[in-house]
Amino acid sequence: MEDCIFCKIIRGEIPSEKIYEDDEVLAFLDLGQVTKGHTLIIPKKHVRNVFDLPPETAAEIFRRVPKIAGALKEAFPLEGLNVINNNEEVASQTVFHYHVHLIPRYSKNKDDFGFKWKDNSNTYSAEDFKARAEAIKAHL
Ligand code: AMP
Ligand code: ZN
């Protein structure tokens, strides 16, 4: 796609710090470096986000995740790793070319990435819970 920043990286029109490349995917360092080694994996084919992602492209991306995660683990003294994908603006997507973030996590005092789940289990009934599952299952 002409104006897409990640397509420009794939075409070599803007610089990037590439760490892995093959015919289907490219992995490079995220400029933001939320933590040391923060890496993005993108498909070479332009896809906006998960809602447009062909299953075979999803497979191409995720089959490479363990290898790159393993390399990060060997390279840095990480203690964990978040694998994150943001879809649409409301979910913090800012670059509209599908990408998976690999964000190494270090011990608490060395890592101020404040990513934490909120537990809402006291805010819904058993019926609500079941109705949510049924609503999704109706479309699968
Ligand atoms: P998201 O908010 O999930 O869409 O993530 C987009 C990510 O792309 C952000 O973490 C940015 O730091 C990163 N980013 C934007 N432009 C570049 C670039 N030219 N090279 C590397 N990373 C970039
Ligand atoms: Zn693109």
# chains A, B, ... in the order shown; residues from 1 in each chain; ligands from 1
call {"tool": "closest_atom_pairs", "arguments": {"of": "chain A", "to": "ligand 1", "cutoff": "6 Å", "atoms": "only C-alpha atoms and all ligand atoms", "output": "JSON lines"}}
result
{"residue": "A:Ser16", "atom": "CA", "partner": "ligand 1", "partner_atom_place_in_ligand_line": "20 (N)", "distance": 5.6}
{"residue": "A:Leu29", "atom": "CA", "partner": "ligand 1", "partner_atom_place_in_ligand_line": "21 (C)", "distance": 5.9}
{"residue": "A:Asp30", "atom": "CA", "partner": "ligand 1", "partner_atom_place_in_ligand_line": "22 (N)", "distance": 3.7}
{"residue": "A:Leu31", "atom": "CA", "partner": "ligand 1", "partner_atom_place_in_ligand_line": "22 (N)", "distance": 4.1}
{"residue": "A:Gly32", "atom": "CA", "partner": "ligand 1", "partner_atom_place_in_ligand_line": "12 (O)", "distance": 3.9}
{"residue": "A:Asn86", "atom": "CA", "partner": "ligand 1", "partner_atom_place_in_ligand_line": "3 (O)", "distance": 4.7}
{"residue": "A:Ser92", "atom": "CA", "partner": "ligand 1", "partner_atom_place_in_ligand_line": "2 (O)", "distance": 5.1}
{"residue": "A:Gln93", "atom": "CA", "partner": "ligand 1", "partner_atom_place_in_ligand_line": "4 (O)", "distance": 3.5}
{"residue": "A:Thr94", "atom": "CA", "partner": "ligand 1", "partner_atom_place_in_ligand_line": "4 (O)", "distance": 3.6}
{"residue": "A:Val95", "atom": "CA", "partner": "ligand 1", "partner_atom_place_in_ligand_line": "4 (O)", "distance": 4.0}
call {"tool": "write_last_selection", "arguments": {"atoms": "C-alpha atoms", "output": "mmCIF file, in the first residue's frame"}}
result
data_model
loop_
_atom_site.group_PDB
_atom_site.id
_atom_site.type_symbol
_atom_site.label_atom_id
_atom_site.label_comp_id
_atom_site.auth_asym_id
_atom_site.auth_seq_id
_atom_site.Cartn_x
_atom_site.Cartn_y
_atom_site.Cartn_z
ATOM 1 C CA SER A 16 14.412 -0.154 9.974
ATOM 2 C CA LEU A 29 12.742 -3.493 16.226
ATOM 3 C CA ASP A 30 9.916 -1.204 17.299
ATOM 4 C CA LEU A 31 11.276 2.353 17.465
ATOM 5 C CA GLY A 32 9.373 2.902 20.715
ATOM 6 C CA ASN A 86 -3.837 -4.019 18.730
ATOM 7 C CA SER A 92 -4.484 1.470 20.529
ATOM 8 C CA GLN A 93 -3.699 0.556 16.924
ATOM 9 C CA THR A 94 -1.727 3.447 15.416
ATOM 10 C CA VAL A 95 -0.183 1.789 12.350
#
call {"tool": "residues_near_ligand", "arguments": {"ligand": "ligand 2", "cutoff": "6 Å", "atoms": "only C-alpha atoms and all ligand atoms", "output": "ChimeraX atom specification"}}
result
/A:1,4,6-7,46,97
call {"tool": "write_last_selection", "arguments": {"atoms": "N, CA, C and O atoms", "output": "JSON list (two decimals), in the first residue's frame"}}
result
[["chain", "number", "residue", "atom", "x", "y", "z"],
["A", 1, "MET", "N", 0.85, -1.20, 0.00],
["A", 1, "MET", "CA", 0.00, 0.00, 0.00],
["A", 1, "MET", "C", 0.89, 1.25, 0.00],
["A", 1, "MET", "O", 1.82, 1.34, 0.79],
["A", 4, "CYS", "N", 1.49, 3.41, 3.38],
["A", 4, "CYS", "CA", 1.62, 2.68, 4.64],
["A", 4, "CYS", "C", 3.09, 2.63, 5.08],
["A", 4, "CYS", "O", 3.96, 2.21, 4.31],
["A", 6, "PHE", "N", 4.64, 0.73, 7.20],
["A", 6, "PHE", "CA", 5.26, -0.60, 7.26],
["A", 6, "PHE", "C", 5.49, -1.16, 5.85],
["A", 6, "PHE", "O", 6.49, -1.87, 5.63],
["A", 7, "CYS", "N", 4.61, -0.85, 4.90],
["A", 7, "CYS", "CA", 4.88, -1.25, 3.51],
["A", 7, "CYS", "C", 6.14, -0.55, 3.01],
["A", 7, "CYS", "O", 6.94, -1.15, 2.27],
["A", 46, "HIS", "N", 0.05, -6.43, 2.69],
["A", 46, "HIS", "CA", -0.63, -5.41, 3.50],
["A", 46, "HIS", "C", -2.02, -5.89, 3.93],
["A", 46, "HIS", "O", -2.86, -6.22, 3.09],
["A", 97, "HIS", "N", -1.27, -1.49, 9.50],
["A", 97, "HIS", "CA", -0.73, -2.67, 8.79],
["A", 97, "HIS", "C", -0.55, -3.69, 9.90],
["A", 97, "HIS", "O", 0.20, -3.44, 10.85]]
call {"tool": "residues_around", "arguments": {"residues": "A:Phe28", "least_positions_apart": "5", "cutoff": "6 Å", "atoms": "only C-alpha atoms", "output": "list of chain:residue names"}}
result
A:Glu17, A:Lys18, A:Ile19, A:Thr39, A:Leu40
call {"tool": "write_last_selection", "arguments": {"atoms": "C-alpha atoms", "output": "PDB file, in the first residue's frame"}}
result
ATOM      1  CA  GLU A  17      16.457  -2.383  12.227  1.00  0.00           C
ATOM      2  CA  LYS A  18      15.520  -5.748  10.699  1.00  0.00           C
ATOM      3  CA  ILE A  19      16.081  -8.876  12.743  1.00  0.00           C
ATOM      4  CA  THR A  39      10.067  -6.316  18.250  1.00  0.00           C
ATOM      5  CA  LEU A  40       7.329  -6.214  15.621  1.00  0.00           C
TER       6      LEU A  40
END
call {"tool": "residues_around", "arguments": {"residues": "A:Ala69", "least_positions_apart": "4", "cutoff": "12 Å", "atoms": "only C-alpha atoms", "output": "list in words"}}
result
Ile19, Tyr20, Ala27, Gly37, His38, Thr39, Leu40, Ile41, Phe62, Arg63, Arg64, Val65, Lys73, Glu74, Ala75, Phe76, Leu78, Glu79, Gly80, Leu81, Asn82, Val83, Val100, His101, Leu102, Ile103, Pro104 and Arg105 of chain A
call {"tool": "select_by_dssp", "arguments": {"residues": "chain A", "states": "strand (DSSP E)", "output": "list in words"}}
result
Lys18, Ile19, Tyr20, Glu21, Val25, Leu26, Ala27, Phe28, Leu29, Thr39, Leu40, Ile41, Ile42, Pro43, Gly80, Leu81, Asn82, Val83, Ile84, Val100, His101, Leu102, Ile103, Pro104 and Arg105 of chain A
